[in-house]
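Structure record follows, encoded as structure tokens.
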Amino acid sequence: MKGSRFWAWLIFAVGTAYFFIPLIATFEFSLRMRRGEYSFDAYRVVFGDPRFQETFAYSVTVAIFTIILGVALVVPTAYWIRLRMPHLRPIVEFATLLPLIIPAIVIVFGYIRMYGSSSPLPFLATARGTDALLVIGYATLALPYMYRAVDTGLRTIDVRTLTEAAQILGAGWITIIARIILPNVLIAVLSGAFLTFAIVIGEFTMASLLNRPAFGPYLQNIGANRAYEPAALAIIAFAITWGCMSVIQILARFAPKSANRPN
Amino acid sequence: MTPAVAFQKTSRHFGAVRAVDAVDLEIKPGEFFAMLGPSGSGKTTCLRLIAGFEQPTSGSISIFGERAEGVPPYRRNVNTVFQDYALFPHLNVLDNVAYGLMVKGVSRDERHRAAEDALRLVQLPGYGSRKPGQLSGGQRQRVALARALVNKPKVLLLDEPLGALDLKLRESMQEELKQLQKALGITFVFVTHDQGEALSMADRVAVFNDGRIMQVGAPEDIYQRPASRFVADFVGSSNVLPPDFVQRYAGQHRWGSLRPEQISVRRDTSGDGVAARVVSRHYLGAATKLSLDADGLRLHATVPSGTAVPEDGAHVILTFNRDQLHLMEEQA
């Protein structure tokens, strides 16, 4: 008993060290911009850089549109699969997993070939079009997380009876999805949304190859050219991701155990 | 008079399963109609056919004279109280009840007033601001009822609405439902597997088995004069008597039924009547139920409390009034 406890703690300590030492070292390094003393100069430089502000604002905007597109795509799909086509579930689940199997670089090269300026759907001919394509690409990348989050949320409510109850009271499909189903899986949708946000903020491949001024390529650019600022940026990026994670944790605490039988 | 609900040779098949099989049925306006049967007998599917959640495979359904096939649920003038209530968890009680009116586009004040009225009707005034999660089972049941009544349906469908309540609450809700139905004059169609509930509440009962209606009639008819062995056995566990036995007492070679409470039990080894042996006893409070073995035929009899109960293995003589031996239509 005692022995197993010791080994468990040892493994935990090794894991923690493996994870935290580089992080602490990075943080320590990011504070050493001024010679001989610790300071937040690197952070001041980063936050003061107009390109940081621009690219970050751009990525946040793209993330918001991605979330809207993802919710509009995933909620009705997952709902319909649960309600009417449970036999298609394995197929849809597999399809939503594809973005984890197909590398982003393959997808983006596909996009460039498909939607070039001479193609029938010239997304890439304009900057706005490219932005739209980027949003679509990100929604695809976030699909595995979004679909799973929403599907788990739907599992906690009795989709069929709630639908029938709304139907017999006269609600149409859009009303049912927007005013009955969505509010009851809102917590799940939000956690999917924050995962999406975390993915979009750090994404490099798609943004870089589509040549959009996103946060990921900016991170890479700074990393290649500066000494202390990349360390500061890495810490900032970590803080953002962890912020999203803790929001998901907090939201999960509010999620009802079972919305339909709230005992 | 136009029936409230009419089925003409209505069937609903799921693949090879005949959930509802060529059912003919007429429910009168203002009637409290119960559909009784074991689980899987097709009663709930019948209810869902009336509600519009299922479409018949063949045959037709009309509601107050209008053909109902293909008409969406909300245009049928019916409403449903679901087995597990299906209240919207994210809305408070008032908004739950007012939901149907909201969808119709009734103004906020007006629909809230109507919802308050409906809540008063089910004796839950002032509960509007609570969430369904804060209510007890019985209260949720009432909210579901109020929500179904607020649209003033002509037919109210109730799918085992009392199934999740405890016995005491169930009895008081039975009375209340009955009174509510009388006061509103709405046709109630009630699905249950509890024969006591069906007999005590309904004006007429349809007994279902294997997707077919075995018998339709007033509760007394069903109970006293079951048409078939299934009905006799399912509704109140009557003694089903084989044709040879019946021939001896009623002179006809047909299946018969005899209620346990119509058999009187006397401790004796010989005499007029049927000789039997007590196999086991079940104390039920108001009465004791005896399992008896009459020369290989298993019979049940109830002995009211306060009278002497013969012990296990005792030899007894069973007597009954021959008028009370009911001959069933079912052929031997």
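Residue names in the structure tokens use chain letters A, B, ... in the order shown, residue numbers from 1 in each chain, and ligand numbers from 1 in the order shown.
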Enumerate, in order of chain and increasing residue number, the residues of chain B with an atom no farther than 10 Å from chain A, each with its shortest atom pair and distance in Å to one decimal, counting only C-alpha atoms, as JSON lines.
```
{"residue": "B:Ala51", "atom": "CA", "partner": "A:Ile168", "partner_atom": "CA", "distance": 7.7}
{"residue": "B:Gly52", "atom": "CA", "partner": "A:Ile168", "partner_atom": "CA", "distance": 8.5}
{"residue": "B:Phe53", "atom": "CA", "partner": "A:Glu164", "partner_atom": "CA", "distance": 7.4}
{"residue": "B:Pro72", "atom": "CA", "partner": "A:Ile168", "partner_atom": "CA", "distance": 8.2}
{"residue": "B:Pro73", "atom": "CA", "partner": "A:Ile168", "partner_atom": "CA", "distance": 5.0}
{"residue": "B:Tyr74", "atom": "CA", "partner": "A:Ile168", "partner_atom": "CA", "distance": 4.5}
{"residue": "B:Arg75", "atom": "CA", "partner": "A:Gly170", "partner_atom": "CA", "distance": 7.6}
{"residue": "B:Arg76", "atom": "CA", "partner": "A:Ile168", "partner_atom": "CA", "distance": 8.7}
{"residue": "B:Asn77", "atom": "CA", "partner": "A:Ile168", "partner_atom": "CA", "distance": 9.1}
{"residue": "B:Val78", "atom": "CA", "partner": "A:Ile168", "partner_atom": "CA", "distance": 7.8}
{"residue": "B:Asn79", "atom": "CA", "partner": "A:Ile168", "partner_atom": "CA", "distance": 6.2}
{"residue": "B:Thr80", "atom": "CA", "partner": "A:Ile168", "partner_atom": "CA", "distance": 7.3}
{"residue": "B:Val81", "atom": "CA", "partner": "A:Ala165", "partner_atom": "CA", "distance": 8.3}
{"residue": "B:Phe82", "atom": "CA", "partner": "A:Thr161", "partner_atom": "CA", "distance": 7.7}
{"residue": "B:Gln83", "atom": "CA", "partner": "A:Thr161", "partner_atom": "CA", "distance": 9.3}
{"residue": "B:Asp84", "atom": "CA", "partner": "A:Arg261", "partner_atom": "CA", "distance": 8.4}
{"residue": "B:Tyr85", "atom": "CA", "partner": "A:Thr161", "partner_atom": "CA", "distance": 8.6}
{"residue": "B:Ala86", "atom": "CA", "partner": "A:Leu162", "partner_atom": "CA", "distance": 5.4}
{"residue": "B:Leu87", "atom": "CA", "partner": "A:Leu162", "partner_atom": "CA", "distance": 7.3}
{"residue": "B:Phe88", "atom": "CA", "partner": "A:Leu162", "partner_atom": "CA", "distance": 6.9}
{"residue": "B:Pro89", "atom": "CA", "partner": "A:Ala259", "partner_atom": "CA", "distance": 5.8}
{"residue": "B:His90", "atom": "CA", "partner": "A:Asn184", "partner_atom": "CA", "distance": 6.2}
{"residue": "B:Leu91", "atom": "CA", "partner": "A:Ile180", "partner_atom": "CA", "distance": 9.1}
{"residue": "B:Ala98", "atom": "CA", "partner": "A:Leu169", "partner_atom": "CA", "distance": 9.7}
{"residue": "B:Tyr99", "atom": "CA", "partner": "A:Leu169", "partner_atom": "CA", "distance": 7.2}
{"residue": "B:Gly100", "atom": "CA", "partner": "A:Leu169", "partner_atom": "CA", "distance": 4.6}
{"residue": "B:Leu101", "atom": "CA", "partner": "A:Leu169", "partner_atom": "CA", "distance": 8.0}
{"residue": "B:Met102", "atom": "CA", "partner": "A:Ala171", "partner_atom": "CA", "distance": 9.3}
{"residue": "B:Val103", "atom": "CA", "partner": "A:Ala171", "partner_atom": "CA", "distance": 5.9}
{"residue": "B:Lys104", "atom": "CA", "partner": "A:Gly170", "partner_atom": "CA", "distance": 7.1}
{"residue": "B:Lys131", "atom": "CA", "partner": "A:Pro262", "partner_atom": "CA", "distance": 9.8}
{"residue": "B:Pro132", "atom": "CA", "partner": "A:Pro262", "partner_atom": "CA", "distance": 7.7}
{"residue": "B:Gly133", "atom": "CA", "partner": "A:Pro262", "partner_atom": "CA", "distance": 4.8}
{"residue": "B:Gln134", "atom": "CA", "partner": "A:Pro262", "partner_atom": "CA", "distance": 8.1}
{"residue": "B:Leu135", "atom": "CA", "partner": "A:Asn263", "partner_atom": "CA", "distance": 9.1}
{"residue": "B:Ser136", "atom": "CA", "partner": "A:Asn263", "partner_atom": "CA", "distance": 8.8}
{"residue": "B:Gly137", "atom": "CA", "partner": "A:Asn263", "partner_atom": "CA", "distance": 9.5}
{"residue": "B:Ala144", "atom": "CA", "partner": "A:Ala165", "partner_atom": "CA", "distance": 9.7}
{"residue": "B:Arg147", "atom": "CA", "partner": "A:Leu169", "partner_atom": "CA", "distance": 8.7}
{"residue": "B:Ala148", "atom": "CA", "partner": "A:Leu169", "partner_atom": "CA", "distance": 8.0}
{"residue": "B:Val150", "atom": "CA", "partner": "A:Leu169", "partner_atom": "CA", "distance": 9.7}
{"residue": "B:Asn151", "atom": "CA", "partner": "A:Leu169", "partner_atom": "CA", "distance": 7.8}
```
Name all residues at most 10 Å from region 239-241 of chain A (count only C-alpha atoms; drop same-chain ones fewer than 4 positions away) and give them as a list in words.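 Those residues are Phe194, Leu195, Phe197, Ala198, Ile199, Ile201, Gly202, Leu233, Ala234, Ile235, Met245, Ser246 and Val247 of chain A.
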Residue selection dump (C-alpha atoms) as a PDB file, in the first residue's frame:
```
ATOM      1  CA  PHE A 194     -13.920  27.807 -25.875  1.00  0.00           C
ATOM      2  CA  LEU A 195     -12.055  24.810 -27.249  1.00  0.00           C
ATOM      3  CA  PHE A 197     -11.310  29.609 -29.510  1.00  0.00           C
ATOM      4  CA  ALA A 198      -8.155  28.055 -28.074  1.00  0.00           C
ATOM      5  CA  ILE A 199      -7.492  26.208 -31.336  1.00  0.00           C
ATOM      6  CA  ILE A 201      -5.884  31.589 -31.496  1.00  0.00           C
ATOM      7  CA  GLY A 202      -2.786  29.410 -31.799  1.00  0.00           C
ATOM      8  CA  LEU A 233       4.519  35.596 -26.056  1.00  0.00           C
ATOM      9  CA  ALA A 234       4.661  31.909 -25.228  1.00  0.00           C
ATOM     10  CA  ILE A 235       3.670  32.696 -21.650  1.00  0.00           C
ATOM     11  CA  MET A 245      -9.623  25.759 -20.049  1.00  0.00           C
ATOM     12  CA  SER A 246     -10.576  27.120 -16.656  1.00  0.00           C
ATOM     13  CA  VAL A 247     -13.684  28.741 -18.122  1.00  0.00           C
TER      14      VAL A 247
END
```
If you measure from CA of Arg212 (chain A) to CA of Phe238 (chain A), what distance in Å do you get, rounded to one decimal? 22.2 Å
May I have all residues of region 209-301 of chain B that DSSP, computed from the backbone, assigns to strand (DSSP E), given as a PyMOL selection string? chain B and resi 209+212-217+239-241+256-258+263-267+274-283+287-294+297-301
Selection to disk with N, CA and C atoms, as a tab-separated table (two decimals), in the first residue's frame:
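Saved the output as selection.tsv:
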```
chain	number	residue	atom	x	y	z
B	209	ASN	N	-54.23	-5.92	-26.53
B	209	ASN	CA	-53.20	-6.96	-26.45
B	209	ASN	C	-52.68	-7.22	-27.86
B	212	ARG	N	-54.03	-5.28	-30.85
B	212	ARG	CA	-55.45	-5.33	-31.15
B	212	ARG	C	-56.26	-4.97	-29.92
B	213	ILE	N	-57.49	-4.52	-30.16
B	213	ILE	CA	-58.39	-4.26	-29.05
B	213	ILE	C	-59.14	-5.55	-28.74
B	214	MET	N	-59.03	-6.02	-27.50
B	214	MET	CA	-59.69	-7.26	-27.12
B	214	MET	C	-61.14	-7.00	-26.72
B	215	GLN	N	-61.38	-5.85	-26.11
B	215	GLN	CA	-62.74	-5.54	-25.66
B	215	GLN	C	-62.83	-4.05	-25.36
B	216	VAL	N	-63.98	-3.47	-25.70
B	216	VAL	CA	-64.24	-2.08	-25.33
B	216	VAL	C	-65.54	-2.06	-24.56
B	217	GLY	N	-65.57	-1.32	-23.48
B	217	GLY	CA	-66.82	-1.24	-22.74
B	217	GLY	C	-66.67	-0.44	-21.47
B	239	ASN	N	-60.51	-15.61	-12.18
B	239	ASN	CA	-60.26	-17.03	-12.40
B	239	ASN	C	-60.78	-17.41	-13.77
B	240	VAL	N	-59.92	-17.94	-14.60
B	240	VAL	CA	-60.35	-18.40	-15.92
B	240	VAL	C	-60.67	-19.89	-15.80
B	241	LEU	N	-61.90	-20.25	-16.15
B	241	LEU	CA	-62.34	-21.63	-15.96
B	241	LEU	C	-62.43	-22.34	-17.29
B	256	GLY	N	-65.15	-19.84	-19.06
B	256	GLY	CA	-65.87	-19.00	-18.12
B	256	GLY	C	-64.91	-18.21	-17.25
B	257	SER	N	-65.44	-17.21	-16.56
B	257	SER	CA	-64.60	-16.48	-15.62
B	257	SER	C	-65.38	-16.26	-14.32
B	258	LEU	N	-64.63	-16.21	-13.25
B	258	LEU	CA	-65.23	-16.06	-11.94
B	258	LEU	C	-64.28	-15.20	-11.11
B	263	ILE	N	-66.07	-16.05	-4.83
B	263	ILE	CA	-65.96	-17.42	-4.33
B	263	ILE	C	-65.97	-17.36	-2.80
B	264	SER	N	-66.85	-18.16	-2.17
B	264	SER	CA	-66.74	-18.22	-0.72
B	264	SER	C	-66.07	-19.54	-0.32
B	265	VAL	N	-65.28	-19.44	0.72
B	265	VAL	CA	-64.43	-20.55	1.13
B	265	VAL	C	-64.91	-21.06	2.49
B	266	ARG	N	-65.17	-22.36	2.56
B	266	ARG	CA	-65.64	-22.96	3.82
B	266	ARG	C	-64.68	-24.09	4.17
B	267	ARG	N	-64.27	-24.15	5.46
B	267	ARG	CA	-63.39	-25.25	5.87
B	267	ARG	C	-64.20	-26.52	6.00
B	274	VAL	N	-67.04	-27.13	-4.70
B	274	VAL	CA	-65.81	-27.64	-5.29
B	274	VAL	C	-64.81	-27.91	-4.18
B	275	ALA	N	-64.30	-29.12	-4.09
B	275	ALA	CA	-63.31	-29.43	-3.07
B	275	ALA	C	-61.95	-28.90	-3.53
B	276	ALA	N	-61.23	-28.27	-2.61
B	276	ALA	CA	-59.93	-27.71	-2.97
B	276	ALA	C	-59.01	-27.74	-1.77
B	277	ARG	N	-57.72	-27.44	-2.04
B	277	ARG	CA	-56.73	-27.41	-0.98
B	277	ARG	C	-56.03	-26.04	-1.04
B	278	VAL	N	-55.75	-25.44	0.13
B	278	VAL	CA	-55.10	-24.14	0.16
B	278	VAL	C	-53.61	-24.34	-0.15
B	279	VAL	N	-53.12	-23.63	-1.15
B	279	VAL	CA	-51.70	-23.74	-1.52
B	279	VAL	C	-50.89	-22.66	-0.81
B	280	SER	N	-51.39	-21.43	-0.88
B	280	SER	CA	-50.67	-20.35	-0.17
B	280	SER	C	-51.63	-19.21	0.10
B	281	ARG	N	-51.18	-18.34	1.02
B	281	ARG	CA	-52.02	-17.21	1.40
B	281	ARG	C	-51.23	-15.91	1.23
B	282	HIS	N	-51.91	-14.86	0.77
B	282	HIS	CA	-51.26	-13.55	0.65
B	282	HIS	C	-52.11	-12.53	1.38
B	283	TYR	N	-51.56	-11.97	2.41
B	283	TYR	CA	-52.29	-10.97	3.20
B	283	TYR	C	-52.28	-9.64	2.47
B	287	ALA	N	-58.16	-7.74	2.75
B	287	ALA	CA	-58.58	-9.11	2.49
B	287	ALA	C	-57.35	-10.01	2.46
B	288	THR	N	-57.58	-11.30	2.45
B	288	THR	CA	-56.48	-12.24	2.26
B	288	THR	C	-56.77	-13.02	0.98
B	289	LYS	N	-55.76	-13.10	0.13
B	289	LYS	CA	-55.94	-13.80	-1.13
B	289	LYS	C	-55.41	-15.22	-0.97
B	290	LEU	N	-56.23	-16.20	-1.35
B	290	LEU	CA	-55.83	-17.59	-1.24
B	290	LEU	C	-55.54	-18.16	-2.62
B	291	SER	N	-54.45	-18.89	-2.71
B	291	SER	CA	-54.22	-19.70	-3.91
B	291	SER	C	-54.72	-21.10	-3.60
B	292	LEU	N	-55.56	-21.62	-4.48
B	292	LEU	CA	-56.20	-22.90	-4.20
B	292	LEU	C	-55.92	-23.87	-5.33
B	293	ASP	N	-55.91	-25.15	-4.96
B	293	ASP	CA	-55.73	-26.19	-5.95
B	293	ASP	C	-56.97	-27.08	-5.92
B	294	ALA	N	-57.79	-26.95	-6.98
B	294	ALA	CA	-59.01	-27.75	-7.03
B	294	ALA	C	-58.80	-28.86	-8.05
B	297	LEU	N	-56.77	-27.71	-10.92
B	297	LEU	CA	-57.12	-26.38	-11.43
B	297	LEU	C	-56.73	-25.33	-10.40
B	298	ARG	N	-55.90	-24.37	-10.84
B	298	ARG	CA	-55.43	-23.34	-9.92
B	298	ARG	C	-56.47	-22.22	-9.86
B	299	LEU	N	-56.98	-21.93	-8.64
B	299	LEU	CA	-57.99	-20.88	-8.46
B	299	LEU	C	-57.52	-19.88	-7.42
B	300	HIS	N	-58.07	-18.68	-7.50
B	300	HIS	CA	-57.80	-17.67	-6.47
B	300	HIS	C	-59.11	-17.27	-5.84
B	301	ALA	N	-59.08	-17.06	-4.54
B	301	ALA	CA	-60.27	-16.56	-3.85
B	301	ALA	C	-59.83	-15.54	-2.83
```
Which polymer residues have any atom within 6 Å of an atom of Ala202 (chain B), counting only C-alpha atoms, with same-chain residues fewer than 5 positions away left out, as a short mmCIF file (atom, residue, chain, number, x, y, z; two decimals) with C-alpha atoms, in the first residue's frame?
```
data_model
loop_
_atom_site.label_atom_id
_atom_site.label_comp_id
_atom_site.auth_asym_id
_atom_site.auth_seq_id
_atom_site.Cartn_x
_atom_site.Cartn_y
_atom_site.Cartn_z
CA PHE B 32 -62.94 9.80 -20.31
CA PHE B 33 -61.51 6.95 -22.32
CA ALA B 34 -58.85 4.58 -21.04
#
```
In region 90-132 of chain B, DSSP helix (DSSP H, G or I) residues written as a ChimeraX atom specification: /B:93-104,108-121,132
Those residues you just picked out, can you put them in a file as an mmCIF file, in the first residue's frame with N, CA and C atoms?
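File written: out_34.cif
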```cif
data_model
loop_
_atom_site.group_PDB
_atom_site.id
_atom_site.type_symbol
_atom_site.label_atom_id
_atom_site.label_comp_id
_atom_site.auth_asym_id
_atom_site.auth_seq_id
_atom_site.Cartn_x
_atom_site.Cartn_y
_atom_site.Cartn_z
ATOM 1 N N VAL B 93 -41.877 27.768 -14.528
ATOM 2 C CA VAL B 93 -43.185 27.127 -14.649
ATOM 3 C C VAL B 93 -44.137 27.951 -15.522
ATOM 4 N N LEU B 94 -44.164 29.255 -15.287
ATOM 5 C CA LEU B 94 -45.089 30.104 -16.033
ATOM 6 C C LEU B 94 -44.786 30.068 -17.537
ATOM 7 N N ASP B 95 -43.496 30.159 -17.878
ATOM 8 C CA ASP B 95 -43.120 30.135 -19.299
ATOM 9 C C ASP B 95 -43.355 28.762 -19.920
ATOM 10 N N ASN B 96 -43.187 27.720 -19.108
ATOM 11 C CA ASN B 96 -43.509 26.376 -19.586
ATOM 12 C C ASN B 96 -44.970 26.297 -19.986
ATOM 13 N N VAL B 97 -45.831 26.758 -19.075
ATOM 14 C CA VAL B 97 -47.266 26.670 -19.321
ATOM 15 C C VAL B 97 -47.660 27.576 -20.488
ATOM 16 N N ALA B 98 -47.008 28.737 -20.570
ATOM 17 C CA ALA B 98 -47.380 29.710 -21.604
ATOM 18 C C ALA B 98 -46.736 29.393 -22.950
ATOM 19 N N TYR B 99 -45.927 28.329 -23.023
ATOM 20 C CA TYR B 99 -45.142 28.090 -24.233
ATOM 21 C C TYR B 99 -45.988 27.997 -25.502
ATOM 22 N N GLY B 100 -47.068 27.221 -25.402
ATOM 23 C CA GLY B 100 -47.932 27.047 -26.568
ATOM 24 C C GLY B 100 -48.486 28.370 -27.077
ATOM 25 N N LEU B 101 -48.791 29.255 -26.141
ATOM 26 C CA LEU B 101 -49.336 30.558 -26.528
ATOM 27 C C LEU B 101 -48.240 31.448 -27.101
ATOM 28 N N MET B 102 -47.036 31.304 -26.558
ATOM 29 C CA MET B 102 -45.919 32.085 -27.077
ATOM 30 C C MET B 102 -45.660 31.740 -28.537
ATOM 31 N N VAL B 103 -45.676 30.426 -28.825
ATOM 32 C CA VAL B 103 -45.440 29.990 -30.201
ATOM 33 C C VAL B 103 -46.516 30.552 -31.122
ATOM 34 N N LYS B 104 -47.749 30.640 -30.597
ATOM 35 C CA LYS B 104 -48.847 31.182 -31.396
ATOM 36 C C LYS B 104 -48.737 32.684 -31.591
ATOM 37 N N ARG B 108 -47.255 38.896 -24.379
ATOM 38 C CA ARG B 108 -46.675 38.440 -23.129
ATOM 39 C C ARG B 108 -47.665 38.492 -21.964
ATOM 40 N N ASP B 109 -48.310 39.651 -21.794
ATOM 41 C CA ASP B 109 -49.248 39.809 -20.668
ATOM 42 C C ASP B 109 -50.382 38.801 -20.756
ATOM 43 N N GLU B 110 -50.924 38.719 -21.972
ATOM 44 C CA GLU B 110 -52.098 37.877 -22.163
ATOM 45 C C GLU B 110 -51.758 36.411 -21.892
ATOM 46 N N ARG B 111 -50.599 35.964 -22.411
ATOM 47 C CA ARG B 111 -50.283 34.547 -22.241
ATOM 48 C C ARG B 111 -49.924 34.241 -20.795
ATOM 49 N N HIS B 112 -49.322 35.211 -20.102
ATOM 50 C CA HIS B 112 -49.023 34.973 -18.694
ATOM 51 C C HIS B 112 -50.298 34.906 -17.868
ATOM 52 N N ARG B 113 -51.288 35.720 -18.253
ATOM 53 C CA ARG B 113 -52.567 35.665 -17.539
ATOM 54 C C ARG B 113 -53.230 34.297 -17.770
ATOM 55 N N ALA B 114 -53.211 33.850 -19.019
ATOM 56 C CA ALA B 114 -53.804 32.537 -19.332
ATOM 57 C C ALA B 114 -53.068 31.424 -18.594
ATOM 58 N N ALA B 115 -51.730 31.562 -18.503
ATOM 59 C CA ALA B 115 -50.942 30.538 -17.819
ATOM 60 C C ALA B 115 -51.270 30.523 -16.331
ATOM 61 N N GLU B 116 -51.441 31.706 -15.740
ATOM 62 C CA GLU B 116 -51.827 31.781 -14.323
ATOM 63 C C GLU B 116 -53.168 31.070 -14.106
ATOM 64 N N ASP B 117 -54.101 31.328 -15.036
ATOM 65 C CA ASP B 117 -55.411 30.673 -14.932
ATOM 66 C C ASP B 117 -55.260 29.157 -14.962
ATOM 67 N N ALA B 118 -54.440 28.700 -15.892
ATOM 68 C CA ALA B 118 -54.255 27.252 -16.031
ATOM 69 C C ALA B 118 -53.606 26.676 -14.772
ATOM 70 N N LEU B 119 -52.669 27.432 -14.196
ATOM 71 C CA LEU B 119 -52.008 26.948 -12.974
ATOM 72 C C LEU B 119 -53.001 26.893 -11.813
ATOM 73 N N ARG B 120 -53.923 27.864 -11.788
ATOM 74 C CA ARG B 120 -54.944 27.847 -10.735
ATOM 75 C C ARG B 120 -55.822 26.600 -10.912
ATOM 76 N N LEU B 121 -56.105 26.283 -12.163
ATOM 77 C CA LEU B 121 -56.941 25.118 -12.474
ATOM 78 C C LEU B 121 -56.331 23.828 -11.920
ATOM 79 N N PRO B 132 -38.711 23.863 -13.158
ATOM 80 C CA PRO B 132 -39.200 22.488 -13.014
ATOM 81 C C PRO B 132 -38.370 21.669 -12.022
#
```
Taking 5 positions as the minimum chain separation for residues in the same chain, which residues sit within 10 Å of Leu180 (chain B) when counting only C-alpha atoms? Answer as number ranges by chain. B: 121-122, 174-175, 185-186
Set the distance at 6 Å and use only C-alpha atoms: which residues neighbour Ala4 (chain B) once local chain neighbours fewer than 3 positions away are removed? I'd like the list as JSON, numbers by chain. {"B": [27, 28, 29, 63, 64]}
Excluding Gly70 (chain A) and residues on its chain fewer than 3 positions from it, collect all residues at most 8 Å away from it, counting only C-alpha atoms, and give them as a list in words. Thr66, Ile67, Leu73, Val74, Ala139, Ala142, Leu143 and Met146 of chain A
Grab the residues selected above and save them as a compact mmCIF listing (two decimals), in the first residue's frame with N, CA and C atoms.
```txt
# COMPACT_ATOMS: atom_id res chain seq x y z
N THR A 66 -15.80 31.58 -36.45
CA THR A 66 -15.67 30.12 -36.49
C THR A 66 -16.64 29.47 -35.53
N ILE A 67 -16.76 30.07 -34.33
CA ILE A 67 -17.67 29.51 -33.32
C ILE A 67 -19.11 29.58 -33.83
N LEU A 73 -23.57 24.72 -37.57
CA LEU A 73 -23.41 23.47 -38.31
C LEU A 73 -23.64 22.26 -37.40
N VAL A 74 -23.06 22.30 -36.22
CA VAL A 74 -23.00 21.10 -35.39
C VAL A 74 -24.29 20.87 -34.60
N ALA A 139 -13.43 25.94 -38.74
CA ALA A 139 -14.62 25.22 -38.27
C ALA A 139 -14.42 23.71 -38.48
N ALA A 142 -12.06 22.41 -35.82
CA ALA A 142 -12.66 22.37 -34.48
C ALA A 142 -13.78 21.34 -34.40
N LEU A 143 -14.16 20.77 -35.54
CA LEU A 143 -15.31 19.86 -35.60
C LEU A 143 -15.25 18.72 -34.57
N MET A 146 -16.09 20.27 -31.12
CA MET A 146 -17.43 20.85 -31.07
C MET A 146 -18.49 19.75 -31.09
```
Surrounding residues of Ser200 (chain B) excluding itself and chain neighbours under 5 positions, 10 Å, only C-alpha atoms, as a list in words: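 My reading of the contact set: Glu171, Gln174, Glu175, Lys178, Gln195, Pro219 and Glu220 of chain B.
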Atoms to include: C-alpha atoms. Write the selected residues as an mmCIF file, in the first residue's frame.
```
data_model
loop_
_atom_site.group_PDB
_atom_site.id
_atom_site.type_symbol
_atom_site.label_atom_id
_atom_site.label_comp_id
_atom_site.auth_asym_id
_atom_site.auth_seq_id
_atom_site.Cartn_x
_atom_site.Cartn_y
_atom_site.Cartn_z
ATOM 1 C CA GLU B 171 -54.984 8.149 -5.837
ATOM 2 C CA GLN B 174 -56.898 10.178 -10.101
ATOM 3 C CA GLU B 175 -59.744 11.932 -8.364
ATOM 4 C CA LYS B 178 -61.598 12.955 -13.080
ATOM 5 C CA GLN B 195 -56.284 -1.887 -14.415
ATOM 6 C CA PRO B 219 -65.543 -0.594 -16.536
ATOM 7 C CA GLU B 220 -68.292 -2.806 -15.066
#
```
Pick from A:Ile91, A:Val108, A:Ala193, A:Leu219 nearest to Gly137 (chain A), counting only C-alpha atoms: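 The shortest atom-to-atom distance to Gly137 (chain A) comes from A:Val108.
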For Ala183 (chain B), the closest of B:Gly211, B:Arg254, B:Gly30, B:Glu329 counting only C-alpha atoms is B:Gly30
Let me make sure I understand: among B:Pro3, B:Gly126, B:Gly42, B:Pro243, which one has the smallest atom-to-atom distance to Ala206 (chain B) if we use only C-alpha atoms? B:Gly42
